[in-house]
$ cat target.txt   # compact mmCIF, C-alpha atoms
# COMPACT_ATOMS: atom_id res chain seq x y z
CA MET A 1 14.37 21.44 21.09
CA LYS A 2 15.79 22.15 24.51
CA ASN A 3 12.74 21.20 26.53
CA ARG A 4 11.66 18.35 24.30
CA ALA A 5 11.63 15.74 27.06
CA ALA A 6 9.71 18.02 29.39
CA TYR A 7 7.09 18.93 26.79
CA PHE A 8 6.75 15.33 25.74
CA GLY A 9 6.21 14.27 29.34
CA VAL A 10 3.52 16.90 29.81
CA PHE A 11 1.73 15.84 26.65
CA THR A 12 1.94 12.16 27.59
CA ALA A 13 0.48 12.95 31.00
CA LEU A 14 -2.31 14.98 29.38
CA ALA A 15 -3.17 12.19 26.98
CA LEU A 16 -3.24 9.68 29.83
CA ILE A 17 -5.46 11.92 31.93
CA LEU A 18 -7.87 12.31 29.01
CA SER A 19 -7.93 8.51 28.59
CA TYR A 20 -8.87 8.29 32.26
CA VAL A 21 -11.48 11.05 32.06
CA GLU A 22 -13.05 9.32 29.10
CA MET A 23 -13.26 6.09 31.09
CA LEU A 24 -15.05 7.94 33.93
CA ILE A 25 -17.67 9.53 31.65
CA PRO A 26 -19.13 6.88 29.41
CA VAL A 27 -20.04 8.98 26.38
CA SER A 28 -22.38 6.65 24.59
CA PHE A 29 -23.60 7.16 21.07
CA GLY A 30 -25.91 4.19 21.31
CA ILE A 31 -23.33 2.13 19.52
CA PRO A 32 -21.49 -0.57 21.44
CA GLY A 33 -17.76 0.04 21.46
CA ALA A 34 -17.88 3.62 20.19
CA LYS A 35 -15.85 6.12 22.17
CA LEU A 36 -15.20 9.81 21.82
CA GLY A 37 -11.44 9.34 21.78
CA LEU A 38 -10.58 12.37 23.87
CA ALA A 39 -6.91 11.40 23.99
CA ASN A 40 -6.75 11.81 20.22
CA LEU A 41 -7.22 15.52 20.87
CA ILE A 42 -3.65 15.62 22.17
CA ILE A 43 -2.42 13.56 19.23
CA VAL A 44 -4.00 15.98 16.73
CA VAL A 45 -2.60 19.00 18.57
CA MET A 46 0.84 17.35 18.67
CA LEU A 47 0.64 16.57 14.95
CA TYR A 48 -0.01 20.23 14.20
CA LYS A 49 2.43 21.70 16.70
CA THR A 50 5.38 19.44 15.90
CA ASP A 51 5.55 16.72 13.25
CA TRP A 52 4.19 13.24 12.61
CA LYS A 53 7.17 11.51 14.22
CA GLU A 54 6.52 13.14 17.58
CA ALA A 55 2.80 12.48 17.28
CA LEU A 56 3.41 8.81 16.43
CA LEU A 57 5.73 8.38 19.41
CA LEU A 58 3.20 10.06 21.69
CA SER A 59 0.37 7.95 20.30
CA VAL A 60 2.23 4.66 20.84
CA VAL A 61 3.44 5.63 24.32
CA ARG A 62 -0.07 6.76 25.28
CA ILE A 63 -1.71 3.55 24.03
CA VAL A 64 0.79 1.21 25.69
CA LEU A 65 0.63 3.08 29.02
CA ALA A 66 -3.16 3.44 28.99
CA GLY A 67 -3.42 -0.21 27.97
CA PHE A 68 -1.35 -1.36 30.92
CA ILE A 69 -3.20 0.88 33.37
CA PHE A 70 -6.84 0.58 32.20
CA GLY A 71 -6.98 -2.24 29.67
CA ASN A 72 -5.34 -5.48 28.68
CA MET A 73 -3.12 -6.85 25.92
CA PHE A 74 -6.11 -7.10 23.60
CA SER A 75 -7.11 -3.48 23.96
CA ILE A 76 -3.49 -2.44 23.35
CA LEU A 77 -3.44 -4.46 20.13
CA TYR A 78 -6.67 -2.90 18.84
CA SER A 79 -5.74 0.60 19.88
CA LEU A 80 -2.30 0.32 18.31
CA ALA A 81 -3.70 -0.75 14.95
CA GLY A 82 -6.26 2.06 15.05
CA GLY A 83 -3.80 4.63 16.35
CA VAL A 84 -1.04 3.93 13.84
CA LEU A 85 -3.37 3.77 10.82
CA SER A 86 -5.19 6.88 11.98
CA LEU A 87 -1.95 8.82 12.39
CA ALA A 88 -0.67 7.70 8.99
CA VAL A 89 -3.88 8.92 7.31
CA MET A 90 -3.91 12.19 9.27
CA ALA A 91 -0.25 12.94 8.48
CA GLY A 92 -0.87 12.19 4.81
CA LEU A 93 -3.96 14.42 4.62
CA LYS A 94 -2.26 17.21 6.51
CA ARG A 95 0.63 17.13 4.04
CA THR A 96 -1.72 17.66 1.08
CA GLY A 97 -2.61 21.00 2.66
CA SER A 98 -6.14 21.04 1.28
CA PHE A 99 -7.85 20.03 4.52
CA GLY A 100 -8.38 21.85 7.81
CA VAL A 101 -7.94 20.42 11.28
CA ALA A 102 -11.53 19.14 11.30
CA GLY A 103 -11.15 17.26 8.02
CA VAL A 104 -7.86 15.71 9.09
CA SER A 105 -9.44 14.69 12.40
CA VAL A 106 -12.49 13.19 10.68
CA ALA A 107 -10.22 11.07 8.47
CA GLY A 108 -8.28 10.11 11.59
CA GLY A 109 -11.39 9.09 13.50
CA VAL A 110 -12.71 7.00 10.62
CA SER A 111 -9.38 5.28 9.93
CA HIS A 112 -8.97 4.63 13.66
CA ASN A 113 -12.19 2.61 13.59
CA VAL A 114 -11.30 0.92 10.32
CA GLY A 115 -7.91 -0.13 11.73
CA GLN A 116 -9.56 -1.70 14.75
CA LEU A 117 -12.07 -3.45 12.54
CA LEU A 118 -9.26 -4.92 10.42
CA VAL A 119 -7.56 -6.32 13.53
CA ALA A 120 -10.89 -7.71 14.70
CA MET A 121 -11.26 -9.46 11.33
CA ILE A 122 -7.83 -11.03 11.70
CA VAL A 123 -8.32 -12.03 15.34
CA VAL A 124 -11.71 -13.69 14.96
CA GLU A 125 -10.89 -14.90 11.43
CA THR A 126 -14.18 -13.87 9.92
CA TYR A 127 -15.41 -11.23 7.52
CA GLN A 128 -18.73 -11.02 9.35
CA VAL A 129 -17.25 -8.22 11.43
CA GLY A 130 -17.32 -6.14 8.27
CA TYR A 131 -21.05 -5.87 8.78
CA TYR A 132 -20.25 -3.32 11.43
CA LEU A 133 -18.33 -1.08 9.00
CA PRO A 134 -21.03 1.51 8.16
CA VAL A 135 -21.86 2.11 11.83
CA LEU A 136 -18.18 2.58 12.61
CA LEU A 137 -17.76 4.94 9.65
CA ILE A 138 -20.56 7.18 10.91
CA ALA A 139 -19.26 7.03 14.48
CA GLY A 140 -15.79 7.92 13.21
CA VAL A 141 -17.09 10.97 11.36
CA ILE A 142 -19.00 12.25 14.41
CA THR A 143 -16.20 11.75 16.92
CA GLY A 144 -13.58 12.96 14.43
CA LEU A 145 -15.58 16.12 13.79
CA LEU A 146 -15.98 16.85 17.52
CA ILE A 147 -12.29 16.23 18.24
CA GLY A 148 -11.33 18.24 15.15
CA ILE A 149 -13.35 21.28 16.18
CA ILE A 150 -11.98 21.18 19.74
CA SER A 151 -8.44 20.71 18.41
CA GLY A 152 -8.87 23.71 16.14
CA GLU A 153 -9.94 25.85 19.11
CA VAL A 154 -7.07 24.59 21.25
CA LEU A 155 -4.54 25.24 18.47
CA LYS A 156 -5.87 28.74 18.06
CA ARG A 157 -5.25 29.45 21.73
CA ILE A 158 -1.78 27.96 22.05
CA ARG A 159 -0.44 29.55 18.90
CA GLN A 160 2.27 31.38 20.83
CA ILE A 161 3.64 28.18 22.33
CA ASP A 162 6.44 26.88 20.18
CA LEU A 163 7.25 23.17 20.26
CA THR A 164 9.28 22.84 17.10
CA GLY A 165 12.51 24.18 18.59
CA GLU A 166 12.75 27.14 16.27
CA ARG A 167 13.88 30.40 17.79
CA ARG A 168 10.98 32.46 19.02
CA LYS A 169 10.40 35.74 17.25
CA MET B 1 -13.60 24.55 8.76
CA LYS B 2 -12.59 24.37 5.17
CA LYS B 3 -14.94 23.35 2.39
CA ASN B 4 -12.92 20.21 1.74
CA ASP B 5 -13.53 19.09 5.31
CA TRP B 6 -17.27 19.07 4.76
CA ILE B 7 -16.89 17.25 1.46
CA LEU B 8 -14.73 14.59 3.09
CA ALA B 9 -17.18 14.08 5.97
CA ALA B 10 -20.14 13.98 3.57
CA CYS B 11 -18.43 11.43 1.30
CA ILE B 12 -17.70 9.08 4.21
CA LEU B 13 -21.26 9.43 5.52
CA LEU B 14 -22.67 8.75 2.05
CA ALA B 15 -20.51 5.65 1.70
CA ALA B 16 -21.71 4.44 5.11
CA VAL B 17 -25.36 4.99 4.20
CA ALA B 18 -24.85 3.24 0.86
CA ILE B 19 -23.36 0.18 2.58
CA LEU B 20 -26.19 0.21 5.14
CA LEU B 21 -28.82 0.34 2.41
CA PHE B 22 -27.10 -2.43 0.50
CA GLN B 23 -27.04 -4.61 3.62
CA PHE B 24 -30.67 -3.84 4.36
CA VAL B 25 -31.84 -4.71 0.85
CA ARG B 26 -29.77 -7.85 0.62
CA SER B 27 -30.66 -9.30 3.98
CA ASP B 28 -33.99 -10.94 4.30
CA SER B 29 -35.71 -11.73 7.57
CA GLY B 30 -37.00 -15.19 8.11
CA ALA B 31 -36.35 -18.26 10.14
CA GLY B 32 -32.71 -18.97 9.49
CA LYS B 33 -29.90 -20.46 11.43
CA VAL B 34 -27.20 -19.08 13.65
CA SER B 35 -23.71 -20.41 13.38
CA VAL B 36 -21.36 -20.07 16.31
CA THR B 37 -17.61 -19.99 15.82
CA VAL B 38 -14.97 -19.87 18.55
CA ASP B 39 -11.46 -18.77 17.61
CA GLY B 40 -12.35 -19.14 13.92
CA GLU B 41 -13.48 -22.75 14.33
CA ILE B 42 -17.11 -23.77 13.97
CA PHE B 43 -18.68 -24.54 17.34
CA GLY B 44 -22.15 -25.38 16.15
CA THR B 45 -25.16 -24.35 14.08
CA TYR B 46 -28.57 -23.80 15.64
CA SER B 47 -31.99 -23.16 14.18
CA LEU B 48 -33.67 -19.86 14.97
CA ALA B 49 -37.06 -21.51 14.72
CA GLU B 50 -36.74 -23.43 17.94
CA ASP B 51 -36.24 -21.78 21.33
CA GLN B 52 -33.10 -22.92 23.03
CA THR B 53 -30.17 -21.90 25.19
CA VAL B 54 -26.65 -22.64 24.03
CA ASP B 55 -23.68 -22.69 26.37
CA ILE B 56 -20.52 -21.75 24.48
CA ASP B 57 -17.42 -23.19 26.17
CA GLY B 58 -18.65 -21.87 29.52
CA THR B 59 -17.68 -18.33 28.54
CA ASN B 60 -20.83 -17.15 26.76
CA ARG B 61 -24.50 -18.08 26.80
CA LEU B 62 -26.63 -17.66 23.70
CA VAL B 63 -30.40 -17.59 23.92
CA ILE B 64 -32.62 -18.20 20.90
CA GLU B 65 -36.18 -17.05 21.41
CA ASN B 66 -39.00 -15.99 19.06
CA GLY B 67 -36.78 -16.34 16.01
CA THR B 68 -34.03 -14.08 17.31
CA ALA B 69 -30.69 -14.87 18.88
CA GLU B 70 -29.27 -12.88 21.76
CA MET B 71 -26.19 -13.17 23.93
CA GLU B 72 -27.54 -13.47 27.44
CA TRP B 73 -24.34 -13.75 29.41
CA ALA B 74 -20.59 -13.47 28.88
CA ASP B 75 -17.69 -13.59 31.30
CA CYS B 76 -15.78 -10.81 29.53
CA PRO B 77 -15.34 -7.40 31.19
CA ASP B 78 -16.75 -5.18 28.43
CA GLN B 79 -20.13 -6.93 27.96
CA ILE B 80 -20.49 -5.47 24.47
CA CYS B 81 -21.91 -8.69 23.07
CA VAL B 82 -24.45 -8.86 25.91
CA ASN B 83 -25.61 -5.32 25.24
CA HIS B 84 -25.86 -6.00 21.53
CA ARG B 85 -29.45 -6.18 20.31
CA ALA B 86 -30.90 -9.53 19.25
CA VAL B 87 -30.09 -10.67 15.72
CA SER B 88 -32.36 -12.42 13.24
CA ARG B 89 -31.59 -11.12 9.75
CA GLU B 90 -29.18 -12.85 7.43
CA GLY B 91 -25.64 -11.53 7.76
CA GLU B 92 -26.18 -10.03 11.20
CA SER B 93 -23.75 -11.05 13.87
CA ILE B 94 -22.86 -10.68 17.52
CA ILE B 95 -19.18 -10.71 18.27
CA CYS B 96 -17.47 -11.21 21.60
CA LEU B 97 -13.90 -10.18 20.99
CA PRO B 98 -12.37 -11.13 24.34
CA ASN B 99 -13.58 -14.70 23.97
CA GLN B 100 -13.26 -14.67 20.16
CA VAL B 101 -16.82 -15.88 19.82
CA VAL B 102 -18.74 -14.98 16.66
CA ILE B 103 -22.44 -15.61 16.26
CA SER B 104 -23.78 -14.97 12.78
CA VAL B 105 -27.13 -15.53 11.14
CA THR B 106 -27.04 -17.66 8.05
CA ASP B 107 -30.06 -18.53 6.01
CA GLY B 108 -29.13 -22.10 5.19
CA GLU B 109 -31.58 -24.30 3.39
CA GLU B 110 -34.54 -22.85 5.22
CA ALA B 111 -34.63 -19.84 2.92
CA GLU B 112 -38.17 -18.93 2.03
CA LEU B 113 -39.55 -16.62 -0.59
CA ASP B 114 -42.00 -13.97 0.56
CA GLY B 115 -43.62 -13.91 -2.86
CA ILE B 116 -43.02 -13.96 -6.57
CA VAL B 117 -44.14 -11.20 -8.93
CA GLN B 118 -45.05 -12.42 -12.37

$ encode --input "target.txt" --output "structure tokens"
Amino acid sequence: MKNRAAYFGVFTALALILSYVEMLIPVSFGIPGAKLGLANLIIVVMLYKTDWKEALLLSVVRIVLAGFIFGNMFSILYSLAGGVLSLAVMAGLKRTGSFGVAGVSVAGGVSHNVGQLLVAMIVVETYQVGYYLPVLLIAGVITGLLIGIISGEVLKRIRQIDLTGERRK
Amino acid sequence: MKKNDWILAACILLAAVAILLFQFVRSDSGAGKVSVTVDGEIFGTYSLAEDQTVDIDGTNRLVIENGTAEMEWADCPDQICVNHRAVSREGESIICLPNQVVISVTDGEEAELDGIVQ
């Protein structure tokens, strides 16, 4: 792709802005620690517009940058575990072809939370954290569904933009 | 949205509800104990029956009152443990990730039966 670097820069900037916007508006579901994960919108769109490699790179870059700007080393660690696991699950589900954007996003949201929970278990060396699993599952489904529906709408509207590098028809 | 999407979401929600129900049935309220661990090592065990305030390494303050334990203060930026509701049932916990403090309710030897059906 000729403009790969330019597109990637734009998407990274978008993801960062969404991370910032999310920090400004505390969308609370009444569950401590639950976030909407607006930046994942860009990751899902990227996954569908290009391939999982690009999306993974974007996800890691976004998390490290956002971590340095808004968070700390701990938040980077948690986000990375969630982000990588989530992307792996989403890429796998997308490949099966039997799920839509919403389903893929739901799986991504849930696995994002599960990944963070696993790191939390390792960090605090206790399985008590597992008590929080059902709440995180439900939160993951809700946020994943919201992000999935928005992603679907966005994808519908940017259909003519080609990011894969194939010659435009 | 495809049909499979709904099935996937429903399955995950069902699993979550099942785990919640299981936890609810298994846990039993009653005067138990809270154990406090810092960085995976046991800091101390305190009875829920007696009102007290526990200072954990100067980073967190745990308050036990009316049979429930609550994190009153923490020096971490996110304050998630402070906003967490008070715990009293067995298996419940409050976790402060930045300080790696875990407070969990254990029943210990003070377990009491509510009643026996014969």

$ closest_residue --input "target.txt" --among "A:Gly108, A:Gly115, A:Gly67, A:Pro134" --to "chain B" --atoms "only C-alpha atoms"
A:Pro134

$ atom_distance --input "target.txt" --atom1 "CA of Glu41 (chain B)" --atom2 "CA of Asp55 (chain B)"
15.8 Å

$ interface_residues --input "target.txt" --of "chain A" --to "chain B" --cutoff "9 Å" --atoms "all atoms listed in the file" --output "PyMOL selection string"
chain A and resi 31-33+74+98-104+106-107+110+120+123-126+128-129+131-138+141-142+145+149+152

$ atom_distance --input "target.txt" --atom1 "CA of Val61 (chain A)" --atom2 "CA of Val89 (chain A)"
18.8 Å

$ atom_distance --input "target.txt" --atom1 "CA of Leu65 (chain A)" --atom2 "CA of Leu16 (chain A)"
7.7 Å

$ closest_residue --input "target.txt" --among "B:Val25, B:Ile64, B:Val117, B:Met71" --to "Ala49 (chain B)" --atoms "all atoms listed in the file"
B:Ile64

$ residues_near_point --input "target.txt" --point "(-1.6, 4.8, 15.4)" --cutoff "10 Å" --atoms "only C-alpha atoms" --output "list in words"
Asn40, Ile43, Ala55, Leu56, Leu57, Leu58, Ser59, Val60, Ile63, Tyr78, Ser79, Leu80, Ala81, Gly82, Gly83, Val84, Leu85, Ser86, Leu87, Ala88, Val89, Met90, Gly108, Ser111, His112 and Gly115 of chain A

$ closest_residue --input "target.txt" --among "A:Leu155, A:Leu41, A:Leu14, A:Val21" --to "Thr143 (chain A)" --atoms "only C-alpha atoms"
A:Leu41

$ closest_residue --input "target.txt" --among "A:Arg95, A:Glu54, A:Gly71, A:Leu38" --to "Gly9 (chain A)" --atoms "all atoms listed in the file"
A:Glu54

$ residues_near_point --input "target.txt" --point "(-23.7, -22.3, 15.7)" --cutoff "8 Å" --atoms "all atoms listed in the file" --output "count of residues only"
12
